[in-house]
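Q: Handing you this structure, nothing more for now.
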Amino acid sequence: VAEGGAAVEVLPGAEVAFLTVEGPYTSLEDAYTQLFGWVFSNGFKPKDAAREVYVKWGEAMPPGDWVTEIQVPVGR
């Protein structure tokens with residue numbers, strides 16, 4: 001795919017721990033800390049790279065209205 005082009009990729013199915021964050025991307029660092037803390041304190045281990053799903057976003061939308069879901073594939 002040319003730079004800036006769209007592509008479709010099928011991700012492998014996984015059990016994930018996730019956290020939904022409302023607000024600007026500057027709040028994601030704290031969300032990652034919270035999510036990984038939960039993962040480890042509940043006996044899970046990350047099995048792959050974290051994923052970010054931009055549920056609600058738009059250039060004209062105020063950052064306070066953005067919604068991002070962070071997913072961490074996990075196992076025991």
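How things are named: the first chain in the structure tokens is A, the next is B, and so on; residues count from 1 in each chain; ligands count from 1 in the order shown.
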As a list in words, please: every residue in region 5-66 of chain A that DSSP puts in helix (DSSP H, G or I).
A: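 Taking region 5-66 of chain A and keeping helix (DSSP H, G or I) only, one gets Tyr25, Thr26, Ser27, Leu28, Glu29, Asp30, Ala31, Tyr32, Thr33, Gln34, Leu35, Phe36, Gly37, Trp38, Val39, Phe40, Ser41, Pro63, Gly64 and Asp65 of chain A.
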Q: Quick one: residues within 9 Å of Pro46 (chain A), only C-alpha atoms counted, chain neighbours fewer than 3 positions away excluded, as a PyMOL selection string?
A: chain A and resi 16+36+39-40+49-50+72-76
Q: Would you output that residue set with N, CA, C and O atoms, as a short mmCIF file (atom, residue, chain, number, x, y, z; two decimals), in the first residue's frame?
A:
data_model
loop_
_atom_site.label_atom_id
_atom_site.label_comp_id
_atom_site.auth_asym_id
_atom_site.auth_seq_id
_atom_site.Cartn_x
_atom_site.Cartn_y
_atom_site.Cartn_z
N VAL A 16 -8.39 -10.31 25.25
CA VAL A 16 -7.76 -9.03 25.52
C VAL A 16 -8.29 -8.42 26.81
O VAL A 16 -9.45 -8.61 27.18
N PHE A 36 -2.04 -1.90 32.23
CA PHE A 36 -0.99 -2.89 32.47
C PHE A 36 -0.90 -3.25 33.94
O PHE A 36 -0.61 -4.40 34.29
N VAL A 39 -3.58 -5.81 34.37
CA VAL A 39 -3.18 -7.07 33.74
C VAL A 39 -2.28 -7.88 34.67
O VAL A 39 -2.56 -9.04 34.97
N PHE A 40 -1.22 -7.26 35.16
CA PHE A 40 -0.26 -7.99 36.00
C PHE A 40 -0.84 -8.34 37.37
O PHE A 40 -0.59 -9.43 37.88
N ALA A 49 1.60 -7.03 21.15
CA ALA A 49 1.58 -5.57 21.28
C ALA A 49 0.17 -5.06 21.55
O ALA A 49 -0.81 -5.65 21.10
N ALA A 50 0.10 -3.99 22.29
CA ALA A 50 -1.18 -3.34 22.55
C ALA A 50 -1.75 -2.79 21.26
O ALA A 50 -1.03 -2.47 20.32
N VAL A 72 -5.04 -5.03 25.14
CA VAL A 72 -3.79 -5.75 25.34
C VAL A 72 -4.10 -7.24 25.27
O VAL A 72 -4.80 -7.76 26.13
N PRO A 73 -3.64 -7.94 24.22
CA PRO A 73 -3.83 -9.39 24.17
C PRO A 73 -3.12 -10.04 25.38
O PRO A 73 -1.97 -9.70 25.67
N VAL A 74 -3.82 -10.92 26.09
CA VAL A 74 -3.29 -11.49 27.32
C VAL A 74 -3.42 -13.01 27.35
O VAL A 74 -4.20 -13.61 26.60
N GLY A 75 -2.66 -13.61 28.24
CA GLY A 75 -2.73 -15.03 28.54
C GLY A 75 -2.28 -15.21 29.97
O GLY A 75 -1.86 -14.28 30.64
N ARG A 76 -2.31 -16.44 30.43
CA ARG A 76 -1.88 -16.72 31.83
C ARG A 76 -0.53 -17.39 31.84
O ARG A 76 -0.09 -17.98 30.94
#
Q: Can you pull out every residue from chain A that DSSP, working from the backbone, puts in strand (DSSP E or B), and format the result as a list in words?
A: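 Strand (DSSP E or B) assignments inside chain A correspond to Val16, Ala17, Phe18, Leu19, Thr20, Val21, Glu22, Lys45, Pro46, Arg51, Glu52, Val53, Tyr54, Val55, Lys56, Val67, Thr68, Glu69, Ile70, Gln71, Val72, Pro73, Val74 and Gly75 of chain A.
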Q: Do you know which residues are at most 12 Å from Glu52 (chain A) counting only C-alpha atoms, after dropping those on the same chain fewer than 2 positions away, and could you put them as a list in words?
A: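 That gives Val16, Ala17, Phe18, Leu19, Thr20, Val21, Tyr25, Leu28, Ala31, Tyr32, Ala49, Ala50, Tyr54, Val55, Lys56, Val67, Thr68, Glu69, Ile70, Gln71, Val72 and Pro73 of chain A.
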Q: Could those residues be written to a file, using N, CA and C atoms, as a PDB file, in the first residue's frame?
A:
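Below is the file result.pdb, written as the result:
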ATOM      1  N   VAL A  16      -8.386 -10.310  25.249  1.00  0.00           N
ATOM      2  CA  VAL A  16      -7.759  -9.026  25.524  1.00  0.00           C
ATOM      3  C   VAL A  16      -8.294  -8.418  26.815  1.00  0.00           C
ATOM      4  N   ALA A  17      -7.417  -7.710  27.487  1.00  0.00           N
ATOM      5  CA  ALA A  17      -7.827  -6.801  28.544  1.00  0.00           C
ATOM      6  C   ALA A  17      -7.968  -5.457  27.847  1.00  0.00           C
ATOM      7  N   PHE A  18      -8.989  -4.690  28.203  1.00  0.00           N
ATOM      8  CA  PHE A  18      -9.159  -3.424  27.508  1.00  0.00           C
ATOM      9  C   PHE A  18      -9.626  -2.331  28.456  1.00  0.00           C
ATOM     10  N   LEU A  19      -9.401  -1.114  28.031  1.00  0.00           N
ATOM     11  CA  LEU A  19      -9.804   0.068  28.772  1.00  0.00           C
ATOM     12  C   LEU A  19     -10.257   1.099  27.756  1.00  0.00           C
ATOM     13  N   THR A  20     -11.396   1.701  28.004  1.00  0.00           N
ATOM     14  CA  THR A  20     -11.916   2.745  27.123  1.00  0.00           C
ATOM     15  C   THR A  20     -11.601   4.102  27.746  1.00  0.00           C
ATOM     16  N   VAL A  21     -11.018   4.972  26.949  1.00  0.00           N
ATOM     17  CA  VAL A  21     -10.579   6.280  27.422  1.00  0.00           C
ATOM     18  C   VAL A  21     -11.356   7.365  26.690  1.00  0.00           C
ATOM     19  N   TYR A  25      -5.567  12.424  23.545  1.00  0.00           N
ATOM     20  CA  TYR A  25      -4.555  11.376  23.566  1.00  0.00           C
ATOM     21  C   TYR A  25      -3.523  11.572  24.671  1.00  0.00           C
ATOM     22  N   LEU A  28      -3.721   9.044  27.412  1.00  0.00           N
ATOM     23  CA  LEU A  28      -3.470   7.634  27.142  1.00  0.00           C
ATOM     24  C   LEU A  28      -2.317   7.069  27.968  1.00  0.00           C
ATOM     25  N   ALA A  31      -3.647   5.856  31.126  1.00  0.00           N
ATOM     26  CA  ALA A  31      -4.525   4.717  30.859  1.00  0.00           C
ATOM     27  C   ALA A  31      -3.703   3.448  30.639  1.00  0.00           C
ATOM     28  N   TYR A  32      -2.601   3.548  29.914  1.00  0.00           N
ATOM     29  CA  TYR A  32      -1.725   2.386  29.708  1.00  0.00           C
ATOM     30  C   TYR A  32      -1.178   1.888  31.048  1.00  0.00           C
ATOM     31  N   ALA A  49       1.596  -7.028  21.153  1.00  0.00           N
ATOM     32  CA  ALA A  49       1.580  -5.571  21.276  1.00  0.00           C
ATOM     33  C   ALA A  49       0.172  -5.063  21.550  1.00  0.00           C
ATOM     34  N   ALA A  50       0.104  -3.986  22.289  1.00  0.00           N
ATOM     35  CA  ALA A  50      -1.183  -3.344  22.555  1.00  0.00           C
ATOM     36  C   ALA A  50      -1.754  -2.785  21.255  1.00  0.00           C
ATOM     37  N   TYR A  54      -9.607   3.641  17.645  1.00  0.00           N
ATOM     38  CA  TYR A  54     -10.124   5.006  17.741  1.00  0.00           C
ATOM     39  C   TYR A  54     -11.619   4.948  17.473  1.00  0.00           C
ATOM     40  N   VAL A  55     -12.384   4.841  18.540  1.00  0.00           N
ATOM     41  CA  VAL A  55     -13.823   4.619  18.469  1.00  0.00           C
ATOM     42  C   VAL A  55     -14.557   5.873  17.993  1.00  0.00           C
ATOM     43  N   LYS A  56     -14.144   7.013  18.512  1.00  0.00           N
ATOM     44  CA  LYS A  56     -14.810   8.279  18.175  1.00  0.00           C
ATOM     45  C   LYS A  56     -13.716   9.338  18.046  1.00  0.00           C
ATOM     46  N   VAL A  67     -12.884   9.164  21.835  1.00  0.00           N
ATOM     47  CA  VAL A  67     -12.981   7.909  22.579  1.00  0.00           C
ATOM     48  C   VAL A  67     -12.005   6.918  21.952  1.00  0.00           C
ATOM     49  N   THR A  68     -11.117   6.375  22.782  1.00  0.00           N
ATOM     50  CA  THR A  68     -10.110   5.410  22.340  1.00  0.00           C
ATOM     51  C   THR A  68     -10.212   4.169  23.212  1.00  0.00           C
ATOM     52  N   GLU A  69     -10.153   3.006  22.586  1.00  0.00           N
ATOM     53  CA  GLU A  69     -10.102   1.758  23.349  1.00  0.00           C
ATOM     54  C   GLU A  69      -8.708   1.177  23.216  1.00  0.00           C
ATOM     55  N   ILE A  70      -8.073   0.912  24.352  1.00  0.00           N
ATOM     56  CA  ILE A  70      -6.764   0.272  24.365  1.00  0.00           C
ATOM     57  C   ILE A  70      -6.992  -1.207  24.660  1.00  0.00           C
ATOM     58  N   GLN A  71      -6.433  -2.073  23.842  1.00  0.00           N
ATOM     59  CA  GLN A  71      -6.562  -3.521  24.006  1.00  0.00           C
ATOM     60  C   GLN A  71      -5.173  -4.135  24.158  1.00  0.00           C
ATOM     61  N   VAL A  72      -5.043  -5.025  25.145  1.00  0.00           N
ATOM     62  CA  VAL A  72      -3.788  -5.752  25.343  1.00  0.00           C
ATOM     63  C   VAL A  72      -4.097  -7.241  25.268  1.00  0.00           C
ATOM     64  N   PRO A  73      -3.636  -7.940  24.223  1.00  0.00           N
ATOM     65  CA  PRO A  73      -3.829  -9.391  24.172  1.00  0.00           C
ATOM     66  C   PRO A  73      -3.120 -10.041  25.375  1.00  0.00           C
TER      67      PRO A  73
END
Q: Pick the closest to Glu15 (chain A) from A:Asp30, A:Gly37, A:Gly43, A:Asp48: which is it, counting only C-alpha atoms?
A: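 Closest residue, counting only C-alpha atoms: A:Asp48.
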Q: What does the distance between CA of Arg51 (chain A) and CA of Gly23 (chain A) come to in Å, to one decimal place?
A: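 The value is 17.3 Å.
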Q: What's around Pro24 (chain A) at 7 Å? Count only C-alpha atoms, leave out sequence neighbours fewer than 4 positions away in its own chain, and write the answer as a list in words.
A: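 My list of contacting residues is Pro63, Gly64 and Trp66 of chain A.
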Q: Restricting the calculation to only C-alpha atoms: of A:Lys47, A:Glu59, A:Val53, A:Glu29, which residue gets closest to Pro12 (chain A)?
A: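 Closest to Pro12 (chain A), using only C-alpha atoms: A:Lys47.
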Q: Would you work out the distance separating CA of Lys45 (chain A) from CA of Gly13 (chain A), expressed in Å to one decimal?
A: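 For CA of Lys45 (chain A) relative to CA of Gly13 (chain A), the distance reads 16.3 Å.
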